[in-house]
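A.B. asks: The following file, query29.cif, comprises mmCIF, C-alpha atoms:
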```
data_run
loop_
_atom_site.label_atom_id
_atom_site.label_comp_id
_atom_site.auth_asym_id
_atom_site.auth_seq_id
_atom_site.Cartn_x
_atom_site.Cartn_y
_atom_site.Cartn_z
CA MET B 1 -35.93 11.09 -31.28
CA SER B 2 -33.54 13.22 -29.30
CA MET B 3 -29.79 12.76 -29.62
CA ARG B 4 -29.75 11.24 -26.11
CA ASP B 5 -32.43 8.67 -27.08
CA VAL B 6 -30.51 7.72 -30.23
CA ALA B 7 -27.32 7.24 -28.19
CA ALA B 8 -29.17 5.01 -25.71
CA LYS B 9 -30.82 2.95 -28.46
CA PHE B 10 -27.58 2.20 -30.30
CA HIS B 11 -25.36 2.06 -27.17
CA VAL B 12 -23.17 5.00 -28.15
CA ASN B 13 -20.97 6.24 -25.28
CA SER B 14 -21.77 9.94 -25.70
CA PHE B 15 -24.81 11.57 -27.33
CA SER B 16 -22.64 14.60 -28.10
CA SER B 17 -20.79 12.43 -30.64
CA ILE B 18 -24.02 12.04 -32.63
CA SER B 19 -24.50 15.80 -32.75
CA GLU B 20 -20.99 16.15 -34.11
CA TRP B 21 -21.65 13.53 -36.81
CA VAL B 22 -24.85 15.27 -37.88
CA ASN B 23 -23.03 18.60 -38.21
CA LYS B 24 -20.26 16.96 -40.26
CA LEU B 25 -22.48 14.66 -42.32
CA ASP B 26 -21.16 15.78 -45.71
CA GLU B 27 -17.55 15.34 -44.63
CA LEU B 28 -18.27 11.86 -43.23
CA LYS B 29 -19.87 10.70 -46.48
CA LYS B 30 -16.63 11.51 -48.32
CA SER B 31 -14.31 9.98 -45.68
CA VAL B 32 -12.70 6.52 -45.83
CA LYS B 33 -14.33 3.48 -44.23
CA SER B 34 -11.99 3.36 -41.26
CA ASP B 35 -13.12 6.84 -40.14
CA LYS B 36 -16.73 5.68 -40.04
CA LYS B 37 -16.18 2.83 -37.59
CA LEU B 38 -17.35 3.29 -34.01
CA LYS B 39 -16.43 1.23 -30.97
CA LEU B 40 -19.66 0.80 -29.02
CA GLU B 41 -19.77 0.34 -25.27
CA SER B 42 -20.32 -3.18 -24.01
CA PHE B 43 -24.03 -3.91 -23.38
CA THR B 44 -26.15 -6.92 -22.50
CA GLN B 45 -29.33 -8.28 -24.04
CA PHE B 46 -30.32 -9.70 -20.65
CA PRO B 47 -30.11 -6.81 -18.15
CA GLU B 48 -32.38 -8.38 -15.51
CA LEU B 49 -30.37 -11.59 -15.50
CA GLU B 50 -27.11 -9.67 -15.19
CA LYS B 51 -28.49 -7.55 -12.35
CA GLU B 52 -29.39 -10.69 -10.37
CA LEU B 53 -26.05 -12.30 -11.21
CA VAL B 54 -24.06 -9.28 -9.95
CA HIS B 55 -26.17 -9.18 -6.77
CA TRP B 56 -25.40 -12.88 -6.15
CA PHE B 57 -21.69 -12.38 -6.92
CA THR B 58 -21.41 -9.45 -4.50
CA ALA B 59 -23.05 -11.42 -1.68
CA ILE B 60 -20.75 -14.42 -2.25
CA ARG B 61 -17.55 -12.39 -2.32
CA GLU B 62 -18.49 -10.50 0.85
CA GLN B 63 -18.35 -13.90 2.58
CA GLY B 64 -14.86 -14.52 1.19
CA ILE B 65 -15.97 -17.47 -0.98
CA GLN B 66 -13.79 -18.06 -4.05
CA VAL B 67 -15.57 -17.55 -7.39
CA LEU B 68 -14.27 -18.89 -10.70
CA ARG B 69 -15.48 -18.29 -14.24
CA SER B 70 -17.12 -21.72 -14.31
CA THR B 71 -19.01 -20.85 -11.09
CA ILE B 72 -20.37 -17.63 -12.57
CA GLU B 73 -21.37 -19.31 -15.84
CA GLU B 74 -23.17 -22.10 -13.98
CA LYS B 75 -25.09 -19.56 -11.89
CA ALA B 76 -25.93 -17.54 -15.02
CA LYS B 77 -27.38 -20.66 -16.70
CA SER B 78 -29.42 -21.41 -13.58
CA LEU B 79 -30.83 -17.86 -13.49
CA ALA B 80 -31.59 -17.98 -17.21
CA ALA B 81 -33.59 -21.20 -16.73
CA GLU B 82 -35.54 -19.63 -13.83
CA MET B 83 -36.34 -16.55 -15.93
CA GLY B 84 -37.23 -18.56 -19.02
CA LEU B 85 -34.51 -17.01 -21.17
CA ALA B 86 -34.11 -19.75 -23.77
CA ARG B 87 -31.89 -17.58 -26.00
CA PHE B 88 -29.26 -17.00 -23.33
CA GLY B 89 -25.86 -18.63 -23.91
CA CYS B 90 -22.64 -18.54 -21.86
CA GLY B 91 -20.21 -18.12 -24.71
CA ASP B 92 -16.82 -16.43 -24.58
CA LYS B 93 -18.27 -13.21 -26.03
CA TRP B 94 -20.84 -12.98 -23.22
CA TRP B 95 -18.17 -13.68 -20.59
CA GLN B 96 -15.79 -11.00 -21.86
CA GLY B 97 -18.64 -8.50 -21.99
CA PHE B 98 -19.80 -9.39 -18.47
CA ARG B 99 -16.27 -8.90 -17.12
CA THR B 100 -15.87 -5.54 -18.86
CA ARG B 101 -19.27 -4.18 -17.83
CA ASN B 102 -18.80 -5.08 -14.16
CA ASN B 103 -15.08 -4.33 -13.84
CA LEU B 104 -14.09 -7.87 -12.81
CA SER B 105 -10.55 -9.21 -12.81
CA PHE B 106 -8.92 -12.48 -11.72
CA ARG B 107 -7.17 -11.60 -8.46
CA LYS B 108 -4.68 -13.40 -6.24
CA ILE B 109 -6.05 -14.22 -2.77
CA ASN B 110 -4.05 -12.33 -0.13
CA ALA B 111 -6.10 -12.96 3.02
CA SER B 112 -7.15 -16.26 4.59
CA SER B 113 -9.90 -15.04 6.89
CA ILE B 114 -12.42 -12.25 7.24
CA LYS B 115 -12.49 -10.03 10.29
CA PRO B 116 -16.03 -8.61 10.50
CA ILE B 117 -15.95 -5.00 9.43
CA GLU B 118 -18.43 -4.18 12.21
CA LYS B 119 -15.90 -5.44 14.78
CA GLU B 120 -13.13 -3.33 13.21
CA ALA B 121 -15.42 -0.32 13.19
CA GLU B 122 -16.20 -0.77 16.89
CA LEU B 123 -12.49 -0.95 17.75
CA VAL B 124 -11.80 2.16 15.65
CA ARG B 125 -14.66 4.06 17.28
CA GLN B 126 -13.48 3.18 20.79
CA TYR B 127 -9.89 4.15 19.99
CA LEU B 128 -10.95 7.49 18.47
CA ASP B 129 -13.10 8.26 21.53
CA ASP B 130 -10.12 7.60 23.79
CA LEU B 131 -7.84 9.64 21.55
CA ALA B 132 -10.28 12.56 21.42
CA SER B 133 -10.21 12.82 25.22
CA LEU B 134 -6.38 12.92 25.21
CA LEU B 135 -5.59 15.29 22.32
CA PRO B 136 -6.63 18.56 24.05
CA GLN B 137 -3.90 17.91 26.66
CA PHE B 138 -1.06 18.04 24.11
CA VAL B 139 0.32 20.46 21.55
CA PRO B 140 1.34 19.06 18.10
CA SER B 141 5.04 19.19 18.99
CA ASN B 142 4.42 16.67 21.78
CA ILE B 143 2.41 14.06 19.83
CA TYR B 144 4.55 11.23 18.43
CA ASN B 145 4.00 8.08 16.39
CA PHE B 146 6.65 5.39 15.92
CA ASP B 147 6.73 2.13 13.99
CA GLU B 148 9.22 -0.10 12.21
CA THR B 149 9.31 -1.47 8.67
CA ARG B 150 11.45 -3.92 6.73
CA PHE B 151 13.96 -2.46 4.29
CA ASP B 152 15.34 -4.99 1.78
CA TRP B 153 19.05 -4.61 1.03
CA ASP B 154 18.45 -4.90 -2.71
CA VAL B 155 15.45 -4.44 -4.98
CA LYS B 156 14.51 -8.04 -5.67
CA SER B 157 12.07 -9.62 -8.10
CA LYS B 158 11.37 -13.10 -9.38
CA PHE B 159 10.47 -11.64 -12.78
CA THR B 160 12.48 -10.05 -15.60
CA TYR B 161 11.88 -8.90 -19.14
CA ASP B 162 13.27 -11.23 -21.81
CA PHE B 163 12.60 -12.03 -25.46
CA LYS B 164 9.50 -14.07 -26.26
CA GLY B 165 10.25 -17.73 -26.85
CA THR B 166 13.28 -17.83 -24.54
CA GLN B 167 13.22 -21.18 -22.72
CA ARG B 168 15.77 -20.59 -19.95
CA ILE B 169 15.24 -17.34 -18.04
CA LEU B 170 18.41 -16.57 -16.09
CA GLY B 171 18.45 -14.41 -12.97
CA VAL B 172 21.80 -13.21 -11.61
CA GLN B 173 21.47 -12.01 -8.01
CA SER B 174 23.56 -9.85 -5.72
CA ALA B 175 25.27 -11.33 -2.66
CA LYS B 176 22.81 -9.46 -0.41
CA MET B 177 19.68 -10.50 -2.30
CA ASN B 178 17.98 -12.06 0.74
CA HIS B 179 19.37 -9.68 3.36
CA PHE B 180 17.37 -6.90 4.99
CA ILE B 181 17.52 -4.30 7.71
CA THR B 182 14.80 -2.98 10.00
CA VAL B 183 14.08 0.76 9.99
CA MET B 184 12.38 2.40 12.97
CA LEU B 185 10.70 5.70 12.07
CA MET B 186 9.25 8.32 14.41
CA ILE B 187 7.22 11.37 13.41
CA ARG B 188 5.57 14.28 15.21
CA ALA B 189 2.18 15.92 14.62
CA ASP B 190 3.79 19.28 13.78
CA GLY B 191 5.57 17.68 10.78
CA GLU B 192 8.95 16.98 12.43
CA LYS B 193 10.82 13.71 11.73
CA MET B 194 13.01 12.13 14.36
CA PRO B 195 16.27 10.40 13.28
CA ALA B 196 15.62 7.05 11.58
CA LEU B 197 16.95 3.99 13.40
CA LEU B 198 18.63 1.41 11.11
CA ILE B 199 19.13 -2.07 12.55
CA PHE B 200 21.65 -4.16 10.61
CA GLN B 201 21.73 -7.95 10.67
CA GLU B 202 25.26 -9.00 11.64
CA LYS B 203 26.62 -12.51 12.10
CA ASN B 204 28.23 -11.68 15.45
CA GLY B 205 25.56 -9.18 16.47
CA GLN B 206 27.87 -6.19 15.98
CA ILE B 207 29.21 -4.25 13.01
CA PRO B 208 32.99 -4.87 12.94
CA ASN B 209 34.85 -2.04 14.69
CA LEU B 210 37.05 -1.23 11.68
CA VAL B 211 33.97 -1.00 9.45
CA ARG B 212 32.03 1.13 11.93
CA GLU B 213 34.91 3.59 12.34
CA ARG B 214 34.86 4.25 8.59
CA LEU B 215 31.12 4.83 8.40
CA ASN B 216 29.96 8.40 7.85
CA ILE B 217 26.62 8.52 9.69
CA PRO B 218 24.31 11.46 8.82
CA GLU B 219 22.55 13.41 11.57
CA ASN B 220 19.11 12.02 10.64
CA VAL B 221 20.19 8.38 11.09
CA ILE B 222 21.08 6.20 14.09
CA ILE B 223 22.84 2.83 13.59
CA LYS B 224 22.29 -0.33 15.65
CA SER B 225 22.87 -4.03 14.94
CA ASN B 226 22.05 -7.53 16.19
CA LYS B 227 22.04 -11.11 14.92
CA SER B 228 18.42 -11.15 13.73
CA GLY B 229 18.13 -7.75 12.06
CA TYR B 230 14.79 -7.20 13.82
CA ILE B 231 14.09 -4.63 16.50
CA SER B 232 14.30 -5.75 20.12
CA ASP B 233 12.89 -4.14 23.25
CA GLN B 234 16.44 -3.20 24.34
CA ILE B 235 17.13 -1.35 21.08
CA LEU B 236 13.73 0.35 21.19
CA ASN B 237 14.28 1.31 24.83
CA ASP B 238 17.63 2.95 24.00
CA TYR B 239 16.09 4.72 20.99
CA LEU B 240 13.17 6.20 22.96
CA ARG B 241 15.42 7.39 25.78
CA THR B 242 17.81 8.97 23.24
CA ILE B 243 15.19 10.75 21.12
CA LEU B 244 12.55 11.86 23.65
CA ARG B 245 12.82 14.38 26.46
CA ARG B 246 11.15 13.99 29.83
CA GLU B 247 7.99 16.06 29.39
CA ASN B 248 4.25 15.87 28.87
CA GLN B 249 3.91 13.98 25.58
CA LEU B 250 1.63 11.50 23.82
CA LEU B 251 3.01 8.36 22.15
CA ILE B 252 0.91 6.57 19.54
CA TYR B 253 2.01 3.08 18.56
CA ASP B 254 0.70 -0.36 17.57
CA GLN B 255 0.67 -3.75 19.31
CA ALA B 256 3.93 -5.15 17.92
CA GLY B 257 5.59 -7.56 20.36
CA SER B 258 8.63 -5.36 20.98
CA HIS B 259 6.34 -2.44 21.93
CA LYS B 260 4.50 -4.25 24.74
CA THR B 261 7.32 -5.38 27.03
CA ILE B 262 7.86 -4.27 30.62
CA MET B 263 11.08 -2.52 29.58
CA ILE B 264 9.21 -0.27 27.12
CA SER B 265 6.44 0.45 29.64
CA ASN B 266 9.07 1.51 32.16
CA ALA B 267 10.81 3.72 29.59
CA ILE B 268 7.52 5.48 28.73
CA SER B 269 6.79 5.95 32.43
CA ASP B 270 10.25 7.39 33.09
CA LEU B 271 9.74 9.87 30.23
CA ASP B 272 6.44 11.10 31.79
CA ALA B 273 4.72 10.14 28.52
CA THR B 274 1.12 9.12 27.95
CA LYS B 275 0.59 6.19 25.62
CA ILE B 276 -2.31 5.12 23.44
CA VAL B 277 -2.10 1.76 21.67
CA ILE B 278 -3.75 1.22 18.29
CA PRO B 279 -6.06 -1.85 18.25
CA GLY B 280 -4.80 -4.92 16.43
CA GLY B 281 -5.74 -5.05 12.75
CA CYS B 282 -6.64 -1.35 12.63
CA THR B 283 -3.26 0.28 11.92
CA LYS B 284 -4.23 0.77 8.27
CA TYR B 285 -6.91 3.22 9.46
CA LEU B 286 -5.31 4.74 12.54
CA GLN B 287 -1.50 4.75 12.35
CA PRO B 288 -0.11 8.00 10.87
CA LEU B 289 3.07 6.28 9.61
CA ASP B 290 1.00 3.66 7.78
CA ALA B 291 -1.25 6.27 6.19
CA LEU B 292 1.34 7.92 3.94
CA VAL B 293 4.82 8.17 5.42
CA ILE B 294 6.20 4.61 5.27
CA ALA B 295 4.96 4.08 1.71
CA ASN B 296 6.53 7.37 0.63
CA PHE B 297 9.82 6.54 2.37
CA LYS B 298 10.01 3.05 0.80
CA SER B 299 9.17 4.42 -2.64
CA LYS B 300 12.07 6.86 -2.43
CA THR B 301 14.52 4.19 -1.19
CA THR B 302 13.50 1.94 -4.09
CA ASP B 303 14.12 4.75 -6.58
CA PHE B 304 17.62 5.34 -5.19
CA ARG B 305 18.47 1.61 -5.14
CA ILE B 306 17.28 1.09 -8.73
CA LYS B 307 19.43 4.03 -9.83
CA PHE B 308 22.47 2.45 -8.14
CA GLN B 309 21.80 -0.97 -9.67
CA THR B 310 21.40 0.56 -13.14
CA GLU B 311 24.73 2.36 -12.81
CA GLN B 312 26.47 -0.75 -11.50
CA ILE B 313 24.84 -3.31 -13.79
CA GLU B 314 28.13 -4.13 -15.51
CA ARG B 315 30.10 -4.58 -12.31
CA ARG B 316 30.13 -8.18 -11.17
CA SER B 317 31.81 -9.99 -8.31
CA LYS B 318 34.78 -11.88 -9.78
CA ARG B 319 34.37 -14.76 -7.35
CA THR B 320 30.65 -15.56 -7.71
CA GLY B 321 29.51 -13.72 -10.81
CA ASN B 322 26.77 -12.02 -8.78
CA LEU B 323 25.88 -8.36 -9.11
CA LYS B 324 27.75 -6.01 -6.78
CA ALA B 325 25.67 -5.36 -3.69
CA LEU B 326 25.24 -2.11 -1.85
CA ASP B 327 27.64 -1.71 1.05
CA ARG B 328 26.60 -0.42 4.48
CA GLN B 329 27.61 3.17 3.76
CA GLN B 330 25.59 3.29 0.54
CA LEU B 331 22.58 1.82 2.31
CA ILE B 332 22.88 4.39 5.10
CA ASN B 333 23.13 7.21 2.54
CA ILE B 334 20.05 5.95 0.67
CA ALA B 335 17.99 5.72 3.88
CA SER B 336 19.16 9.18 4.96
CA LYS B 337 18.30 10.80 1.61
CA ALA B 338 14.90 9.07 1.45
CA TRP B 339 13.98 10.08 5.01
CA ASP B 340 15.11 13.65 4.37
CA ALA B 341 12.94 13.77 1.22
CA VAL B 342 9.72 12.97 3.13
CA SER B 343 8.05 16.37 3.46
CA PRO B 344 6.70 17.89 6.72
CA GLN B 345 3.40 18.53 4.94
CA LEU B 346 3.02 14.81 4.25
CA VAL B 347 3.77 14.01 7.91
CA ARG B 348 1.11 16.44 9.12
CA LYS B 349 -1.36 15.10 6.58
CA SER B 350 -0.78 11.57 7.90
CA PHE B 351 -1.83 12.63 11.40
CA GLU B 352 -4.91 14.36 10.01
CA LEU B 353 -5.98 11.38 7.88
CA THR B 354 -5.91 9.04 10.86
CA GLY B 355 -7.72 11.39 13.25
CA SER B 356 -4.57 11.74 15.37
CA TYR B 357 -4.51 15.53 15.23
CA GLY B 358 -6.28 18.45 13.57
CA VAL B 359 -9.68 16.87 12.80
CA ASN B 360 -12.73 15.77 14.79
CA HIS B 361 -13.20 12.51 12.90
CA PRO B 362 -11.05 10.27 10.67
CA LYS B 363 -10.93 11.05 6.96
CA ILE B 364 -10.91 7.44 5.87
CA PHE B 365 -9.54 6.84 2.36
CA SER B 366 -12.06 6.74 -0.49
CA HIS B 367 -11.70 2.99 -1.09
CA GLN B 368 -12.76 2.27 2.52
CA VAL B 369 -16.31 3.51 2.05
CA ASN B 370 -17.94 0.76 4.11
CA MET B 371 -15.70 1.42 7.10
CA LYS B 372 -16.36 5.14 6.86
CA LYS B 373 -20.13 4.58 6.94
CA LEU B 374 -19.82 2.45 10.06
CA ILE B 375 -17.57 4.86 11.93
CA ILE B 376 -18.96 8.33 11.18
#
```
Show how you would write the structure in this file as C-alpha cells.
C.D. replies:
Amino acid sequence: MSMRDVAAKFHVNSFSSISEWVNKLDELKKSVKSDKKLKLESFTQFPELEKELVHWFTAIREQGIQVLRSTIEEKAKSLAAEMGLARFGCGDKWWQGFRTRNNLSFRKINASSIKPIEKEAELVRQYLDDLASLLPQFVPSNIYNFDETRFDWDVKSKFTYDFKGTQRILGVQSAKMNHFITVMLMIRADGEKMPALLIFQEKNGQIPNLVRERLNIPENVIIKSNKSGYISDQILNDYLRTILRRENQLLIYDQAGSHKTIMISNAISDLDATKIVIPGGCTKYLQPLDALVIANFKSKTTDFRIKFQTEQIERRSKRTGNLKALDRQQLINIASKAWDAVSPQLVRKSFELTGSYGVNHPKIFSHQVNMKKLII
C-alpha cells in the first residue's frame, strides 16, 4: 500500500507523517510510550448516514428552523432505521464526533425572520446598476458617504473574571455606564475624512455654557447636543451645510429616518448634490462606512477607553463608590484620536469593497458567498 492509502485506512491526518515514522523507525522503537501516541482525526463508521443527516440539517437551517441536539439525534435514529443500520447508536461519543467533523456549535439566535436572499440580491443589483450610471459623472473627491453610529460612554459588560466557586459576583459601574453619544461620520472616495460630529445627550438639551467654554475641541470634531442624544434632521441639516460646498457631488446614504425628511432633501438640493439611497437591509453590502470604517473607528475608541479605565481603576467616586467616568473632554479626545487613526487607505478600500468607486462590481466579503453568486 502507498503511504496515502495507509493514512486513509487508519485515519491519519497527513500521509507525510507516516513517511517520517518509517524513516525514524529505529528511534521510535527506543522512545517512551508518550511519544508513540497519535491523535487521529475524527471519523465516522456510517458515512452515508452522516451525509444524509448533514443534507437534512442544512435544508432545515436555511429555513430558519431551530435545531437542538435532541432533534438531530432523533433524525439520525430515523435515518439509521431506514438504512437498516442496526449497529448505529446516538451516544455522547458519536455526538461529539459529529459536531467536530461538521464544525457545528450552539449559537445564540440573533434574527427573528428571514429576508429571502434572492430579494436582497435583486435590490443590490438594482442599486449597483443605478450607481454605475452615476459614477462616471463624479471624481473621487466629490463622492461622499455619511452615517451615524452609537458610541457608548464607557466600555460596559455584564461579565467579569472572578475566582471559580465565588457565589456573589459584584460589578461596580461608573456613573455614565448607561449613557451614550451619537457619532456622525462622513468619508470621501479619495480617502478623505470629514470632521466627526459628536452629539451629546444633555438633560436641558445643551451643554452648560461654562463647561462648553472650557472644552478644547480638535479640528476633526464638531460638537452638538440635545435631550435624546440621537441625531435629528436639524442637526444633520446644519452638519451637511457646514461640511459640504455647493458643487457637483454624489451623496451615498441609507434609509435612516433622519435622512429622509423634507429638510434634508432641501439641503441636498441647495448644495446641488445628487443623492443615491441604499436599499433597506442592504447596508452591510453597499455602505462604505459599514464595510470597514465604523468597525475600525469603534475598535480604536474601545482600546483608548479600556486604557483609561485600567489607569483609573483605583479612583472611585467618594459619594457613590462607582468608578470614575470619562468626562466630556476625555471623550472628545478619544473620538478625535480614533477618527484620526483611521487610515485613508482603509477609507478608499471601503468604497471599493461596496462597489461605490474604483470597481465594476462589488467585491462581496468571502463569508457572503451565496449573495455573491446571485449578484455577479
A.B. asks: Measuring atom to atom with all atoms listed in the file, identify which of B:Met194, B:Ala338, B:Ile187, B:Leu104 is nearest to Ser350 (chain B).
C.D. replies: B:Ile187
A.B. asks: Within 12 Å of Trp95 (chain B), counting all atoms listed in the file, which residues show up once you throw out same-chain ones fewer than 2 positions away? Write them as a list in words, please.
C.D. replies: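 Once the adjacent positions are removed, what remains is Ser42, Phe43, Thr44, Glu50, Leu68, Arg69, Ser70, Thr71, Ile72, Glu73, Glu74, Ala76, Phe88, Gly89, Cys90, Gly91, Asp92, Lys93, Gly97, Phe98, Arg99, Thr100, Arg101, Asn102, Asn103, Leu104 and Ser105 of chain B.
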A.B. asks: Select, from B:Arg245, B:Lys75, B:Lys307, B:Lys298, the residue with the minimum atom-to-atom distance to Leu185 (chain B), counting all atoms listed in the file.
C.D. replies: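 Looking only at the distances to Leu185 (chain B), the closest residue turns out to be B:Lys298.
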A.B. asks: If you measure from CA of Gln234 (chain B) to CA of Pro208 (chain B), what distance in Å do you get, rounded to one decimal?
C.D. replies: 20.2 Å
A.B. asks: By how many Å are CA of Ala325 (chain B) and CA of Asp290 (chain B) apart?
C.D. replies: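 CA of Asp290 (chain B) lies 28.7 Å from CA of Ala325 (chain B).
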A.B. asks: Choose the residue, out of B:Ile143, B:Val183, B:Ile332, B:Leu244, that has the smallest atom-to-atom separation from Arg212 (chain B); count all atoms listed in the file.
C.D. replies: B:Ile332
A.B. asks: Excluding Phe146 (chain B) and residues on its chain fewer than 6 positions from it, collect all residues at most 10 Å away from it, counting only C-alpha atoms, and give them as a PyMOL selection string.
C.D. replies: chain B and resi 184-188+194+240+251-254+259+287-289
